[in-house]
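What follows is one structure encoded as structure tokens, with my remarks underneath.
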Amino acid sequence: MTDIAELERQLTAAIAQAGDEAQLEQVRVAALGKKGSISELLKSLGTLSPEERKTRGPQFNGLRDRITTAIAGRKQALGDAALNARLAAERVDITLPVRPEPRGSIHPVSQVLDEITAIFADLGFAIAEGPDVEFDDYNFTRLNMPPGHPAREMHDTFYVAAQDDSAAANGEAAGQQKTRNVLRTHTSPVQVRTMLKEKPPIRIIAPGRTYRVDSDATHTPMFHQIEGLVIDRETHLGHLKWTMEEFAKAFFEVEKVEMRARPSFFPFTEPSVEWDIRCDRSGGQIKFGTGDDWLEFAGSGMVHPRVLELCGLDPTEYQGYAFGAGLDRLAMLKYGIPDLRPMFESDLRWLSHYGFAALDIPTLDGGISR
Amino acid sequence: MKFTLSWLKDYLDTDADAQTVAETLTRIGLEVEEVSDAGARLKEFTVAHVLSAEKHPNADKLKLCMVDTGADIVQVVCGAPNAHTGMKAVFAKPGVVIPASGEVLKIGTIRGLESRGMLCSERELLLSDEHDGIIELPADAELGTPAAIALGIDDPVIDVALTPNRGDAASVYGIARDLAAAGLGKLKPASVMPIAGTFASPVSINLNLTPETADACPVFAGRWIRKVKNGASPQWVQDRLKAIGLRPISALVDVTNLISHDRGRPLHVFDAAKLSGNVQARLARAGETLLALDGKTYTLDPAMTVIADDNTALSIAGVMGGEDTGCTETTTDVFVESAYFDPMRTAATGRKLGIVSDARYRFERGVDPAFVMDGLELATKLITDWCGGEPSEIVVAGKPPELSATIAFSPAVVKRLTGLSLPEDEIVRILRNLGFTVSGSGTLNVTTPSWRSDVSGPADLVEEIVRIHGLDKVPSVAMPRPHAVARPTLTPAQRRTRAVRRLLAARGFNETISYSFIPREHAALFGGGDAARRIENPIAADMDSLRPSVLPSLLAAAARNQARGQGEIMLFEIGAAFASGAVGAQRLIAAGVRVGTPVRSWTRDTHAADAFDAKADMLAALEAAMGAAMNAPVRQTAHAWYHPGRSGTLALGSNVLAQFGEVHPKILAAFDLKGPASAFEIDLGAIPEPKAKGKARSIFAPSPLQPLERDFAFVVDAKVSADEILRAARNAERSLIDSIGVFDVYEGKGVAEGKKSIAITIRLQPKDKTLTDAEIEAIAEKIVAAVTKATGAALRT
């Protein structure tokens, strides 16, 4: 009969001394294997008298359970130690920089267009578009600037070399074949296209590239405009004023703006109005609501009856307003971009500096800008 | 259009100051560009008397002056060589801000002597660049009074930027009329008295025009004035002309400039001795030349109108007179012309010849045809007043065109177009103040004045009424959106464009916007540069071609950035590419380029831009546009500007959606760009519209069964594409194959010459029951058989 206490002491010591899982396994086999010391003890129970069995049984089983637990505990400890050693060896210098990832950007003109789109979506406007190369007829004549009209001169038009146009190709404006095409000098031909195609009520904004033969510190031969057109039976100057106020407030993200309306002249609107916003430009940044400066915001007016007529609408039945503003200029004003020319020079440093993050999508619920 | 405040007050009885006048003008649509009020600006600068000017005891070039300022006598040290005893000069006392420097003048000590003030030069006052000496005022300038008065510059000058429709406001009188209507004062009468001629005009006038061209000059009046003595015009005339930036020349020239600005009536005065025979208005002859008053010789054409004598053209009608018949100091007889020239022809002539003149400015906006005779009488009066002489009877050909119109005008239109409720009597009052004749009630009959040919319909009258009443009084009326919930503002195509833009930026591309016109040689490299895509009047010779592709813009931009030392360049643009110069021949393209190698990293896992970057960019953009993966086949072919072996086209049938690949080395060289570079072009308009289907997604039904993977390595001819193998494999077992990947491509040792090994992994997803080993084996054999049949592949052993 082995001394159980002595056996347990030996086994416990062996378990503690096992330096790795292999040694620990040897101990386990020696104790709990088929021929293991504890297994032998348990087998011996069958040879004992019922009385002895009653006392020995629990002792042997208790020993088995304790040793089993001790082995499992030791196994866990050995595993942890091994893992810790491995992890310690796997240490990296976590201050090293990450893999370089290019940082893209959205052009300010695109960003500002998305902002304006969000604003006008809320007012029920849809976006309309037209081509950059435009019929003379749509760019001028149907906007009440017949050939020879002095206002044409103010447009500094780029002409596209005479074509065998094209009207046939897109099935519109029959009889346009003889005219020389132009690079559109404003986005207003989109008004023409919209009125020719749709019946009122019309509510559109039309953004896009526009072109004029003009290049100096503050002009580029290509720039962007945004146009608005509302035609129905009763829209009047008061609605235009409200729209301008809402647009200015929402775009510049201010509670209040003071607007000044100036009578002006555009061949395609009558009456014509230019809108200025009171501002303070003294600190290099624009502040609204104070100051003695006036910022030109948009040109506008009631669509000229002649234009309605030329675009197939009855001016005694329909009326409405149109407005236009410089998209590049609005971007410059809002975001403090000092010069126009770099807008179109593709300098990566400029694009990164003034550009916007890809996921900064202007929304009304999230605010149109950060 | 410039004028001075005192000039305005000749016609407008008002106490308003320059600022009020300017604000009112802008409010009623005559936008003031600038108010230059030297009197207000220089009010602190006064007339002083230099009692003595002696050499500074301690400095050779300085003078020590005792100056009587009118208030006291002060000592001033002055460096001007022209400072001398007894002169009247412009004095600034300590505390005054000197305009040129913006600094406050202090009591100073110069070379040991105190100086209590300053005698000013024109430059110091920002009057001119003159700085050789101080201003010497006339001896009779009154001591202690503002120097601006003594300088004759105390009259504020107001500059109005006239819109092209307002010829009536191209005169001081016209501006006064508008201001009076706006309530800023009372318009003074300015009627012109006719002057009887004492002899018959030695020349006659003839309108040598056909009925078709009669509108070029419907009326031409003139008169001879003999025995005039040309000389300087009166001082007040010279002051006014100088104040508005004109140079006084002589009485006979100044008289036309004065009346042109005063009454908006351009005139011309010929030296009658230089005329041959009679005077006529006619169209210019082709190739006819004229030496104009600006010293340049112009070649004319039959679209232009000229005034001519029996021999030759004398002046370009409505634009500029001729040098040869101009008045000089020795002129004794003159012939004065007053005519009406067609605005359109005048504008076209001026534009064609590049002449900007005060006459053209007025004729092209439209002058008052009813003032032709008055203008001639007024000129007669001023010439005879200033130069003496004796006028002939007036000769006239044609008659003034009738430009007045009567418009049936319902006052309710004001409210309908502006939202502004105005009583009828206010509407009538405004119109009458502007010179309109109003009669009737209910619907009014409004007759436009002869000077307002720009007004032709009810909307024009509404503009007149609202601008004078005040646009600021128009109410702001809310315009609620027509639907309770906002509908999409973007069309599906616009939405796709926006998704592509944001996606590319998220992948690391910088969005750029570049000009639609590019150098012809760049365009030629991309299939353009032809005559049909040429700009007739480019802003610069190297911007004369509509771009056939967006890539040349991006490559040129990349080259500029590379020249600035940028390593990795990723640019994209969404813009038009032009297939021709026809309307509608443009495509909306999203294009991108990657140039160079990304920033070197310690992780050593970056690579130079290659065709598969471009392919990934292109596929990601298409997926963003469509909201689903693009499954169209890629063909190994692309435009010539791509690397012929490393580029591809993605098309649905004949509908080409995109091209991509590495950029051809010759293109890189042409753009002076160090490669490698990859690029893609996506035709956003070619992307198919999403199929109309419900919003609901198909039911999510994941398999409970374990997927399994099998690998296959095929050896095929090197020219067999991976796509052929993948399609064959997929088609062999469409229902169970979940996905296929290529995990190795190898050519070289161990694979026969002309062959390559492609290893694919196929993931099978059992549908109803777990696959047995035998079933899996059968599927694998089916796949191998299909690939072998399609491509001649053999399993690699």
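Letters A, B, ... go to the chains of the structure tokens in the order shown; residues in each chain start at 1; ligands are counted from 1 in the same order.
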Spatial neighbours of stretch 206-209 of chain B, 12 Å, only C-alpha atoms, chain gap at least 5 places, as an MDAnalysis selection string = chainID B and resid 214:222 277:284 302 304:310 339:341 395:399
Export, as a short mmCIF file (atom, residue, chain, number, x, y, z; two decimals), in the first residue's frame, the selected residues with N, CA and C atoms.
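Output (again16.cif):
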data_model
loop_
_atom_site.label_atom_id
_atom_site.label_comp_id
_atom_site.auth_asym_id
_atom_site.auth_seq_id
_atom_site.Cartn_x
_atom_site.Cartn_y
_atom_site.Cartn_z
N ALA B 214 -31.51 102.19 -95.95
CA ALA B 214 -31.87 103.54 -95.50
C ALA B 214 -31.79 103.68 -93.99
N ASP B 215 -31.98 102.56 -93.28
CA ASP B 215 -31.96 102.63 -91.81
C ASP B 215 -30.56 102.95 -91.27
N ALA B 216 -29.55 102.85 -92.12
CA ALA B 216 -28.19 103.15 -91.65
C ALA B 216 -28.10 104.61 -91.19
N CYS B 217 -28.78 105.50 -91.90
CA CYS B 217 -28.76 106.91 -91.53
C CYS B 217 -30.08 107.55 -91.98
N PRO B 218 -31.10 107.45 -91.13
CA PRO B 218 -32.41 107.97 -91.57
C PRO B 218 -32.46 109.48 -91.64
N VAL B 219 -31.63 110.16 -90.90
CA VAL B 219 -31.67 111.62 -90.94
C VAL B 219 -30.26 112.18 -90.76
N PHE B 220 -30.01 113.25 -91.50
CA PHE B 220 -28.70 113.88 -91.45
C PHE B 220 -28.93 115.38 -91.64
N ALA B 221 -28.56 116.15 -90.62
CA ALA B 221 -28.72 117.59 -90.71
C ALA B 221 -27.36 118.26 -90.57
N GLY B 222 -27.22 119.43 -91.14
CA GLY B 222 -25.94 120.11 -91.03
C GLY B 222 -26.09 121.60 -91.29
N GLY B 277 -16.88 119.51 -102.59
CA GLY B 277 -18.25 119.32 -103.04
C GLY B 277 -19.20 119.11 -101.88
N ASN B 278 -20.23 118.32 -102.18
CA ASN B 278 -21.29 118.14 -101.19
C ASN B 278 -21.01 116.98 -100.26
N VAL B 279 -21.89 116.91 -99.23
CA VAL B 279 -21.69 115.91 -98.19
C VAL B 279 -22.79 114.87 -98.29
N GLN B 280 -22.41 113.61 -98.09
CA GLN B 280 -23.40 112.55 -98.15
C GLN B 280 -23.12 111.48 -97.10
N ALA B 281 -24.20 110.79 -96.76
CA ALA B 281 -24.04 109.57 -95.97
C ALA B 281 -24.20 108.41 -96.93
N ARG B 282 -23.26 107.47 -96.88
CA ARG B 282 -23.36 106.31 -97.75
C ARG B 282 -22.65 105.14 -97.08
N LEU B 283 -22.81 103.97 -97.66
CA LEU B 283 -22.06 102.83 -97.16
C LEU B 283 -20.63 102.91 -97.70
N ALA B 284 -19.71 102.43 -96.90
CA ALA B 284 -18.32 102.46 -97.33
C ALA B 284 -18.13 101.53 -98.51
N PRO B 302 -18.45 97.49 -96.91
CA PRO B 302 -19.80 97.99 -97.20
C PRO B 302 -20.82 97.76 -96.09
N MET B 304 -20.34 99.13 -93.31
CA MET B 304 -20.10 100.31 -92.49
C MET B 304 -20.66 101.55 -93.19
N THR B 305 -21.10 102.48 -92.37
CA THR B 305 -21.62 103.72 -92.92
C THR B 305 -20.54 104.79 -92.80
N VAL B 306 -20.43 105.64 -93.83
CA VAL B 306 -19.48 106.74 -93.75
C VAL B 306 -20.18 108.03 -94.12
N ILE B 307 -19.60 109.13 -93.66
CA ILE B 307 -19.95 110.45 -94.17
C ILE B 307 -18.85 110.77 -95.18
N ALA B 308 -19.26 111.21 -96.35
CA ALA B 308 -18.28 111.42 -97.41
C ALA B 308 -18.57 112.73 -98.13
N ASP B 309 -17.55 113.23 -98.79
CA ASP B 309 -17.82 114.34 -99.73
C ASP B 309 -17.81 113.74 -101.13
N ASP B 310 -17.70 114.57 -102.15
CA ASP B 310 -17.77 114.02 -103.50
C ASP B 310 -16.61 113.10 -103.82
N ALA B 339 -26.61 113.76 -86.90
CA ALA B 339 -27.31 112.71 -87.64
C ALA B 339 -27.76 111.62 -86.69
N TYR B 340 -28.56 110.73 -87.22
CA TYR B 340 -28.95 109.53 -86.46
C TYR B 340 -28.40 108.32 -87.18
N PHE B 341 -27.57 107.55 -86.49
CA PHE B 341 -27.01 106.35 -87.09
C PHE B 341 -27.56 105.11 -86.39
N VAL B 395 -29.32 122.58 -93.50
CA VAL B 395 -29.68 121.65 -94.56
C VAL B 395 -29.95 120.30 -93.92
N VAL B 396 -30.96 119.60 -94.38
CA VAL B 396 -31.30 118.34 -93.76
C VAL B 396 -31.78 117.36 -94.81
N ALA B 397 -31.39 116.11 -94.64
CA ALA B 397 -31.86 115.05 -95.53
C ALA B 397 -32.50 113.98 -94.68
N GLY B 398 -33.58 113.42 -95.14
CA GLY B 398 -34.30 112.38 -94.40
C GLY B 398 -35.05 112.95 -93.23
N LYS B 399 -35.61 112.08 -92.43
CA LYS B 399 -36.28 112.56 -91.22
C LYS B 399 -36.01 111.60 -90.08
#
Taking only C-alpha atoms into account, report as number ranges by chain which residues of chain A lie within 6 Å of chain B.
-> A: 102-107, 121-124, 126-127, 133-134, 148, 159-161, 165-166, 213, 236-239, 241-242, 261-265, 270-271, 344, 346, 358
Non-local contacts of A:Gly19 (12 Å; only C-alpha atoms; under 3 positions in same chain excluded) as an NGL selection string | :A and (13-16 or 22-27 or 74-75 or 77-79 or 81-82)
May I ask for the distance between atom CA of B:Ile737 and atom CA of B:Ala722, given in Å to one decimal place?
->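 A separation of 17.1 Å between them.
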Choose the residue, out of B:Ala786, B:Ala577, B:Ile110, B:Leu179, that has the smallest atom-to-atom separation from B:Lys61; count only C-alpha atoms.
->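 When distances to B:Lys61 are compared using only C-alpha atoms, the smallest one comes from B:Ile110.
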Neighbour list for B:Gly389 as a PyMOL selection string, cut-off 8 Å, only C-alpha atoms, skip fewer than 5 positions in-chain | chain B and resi 225-229+383-384
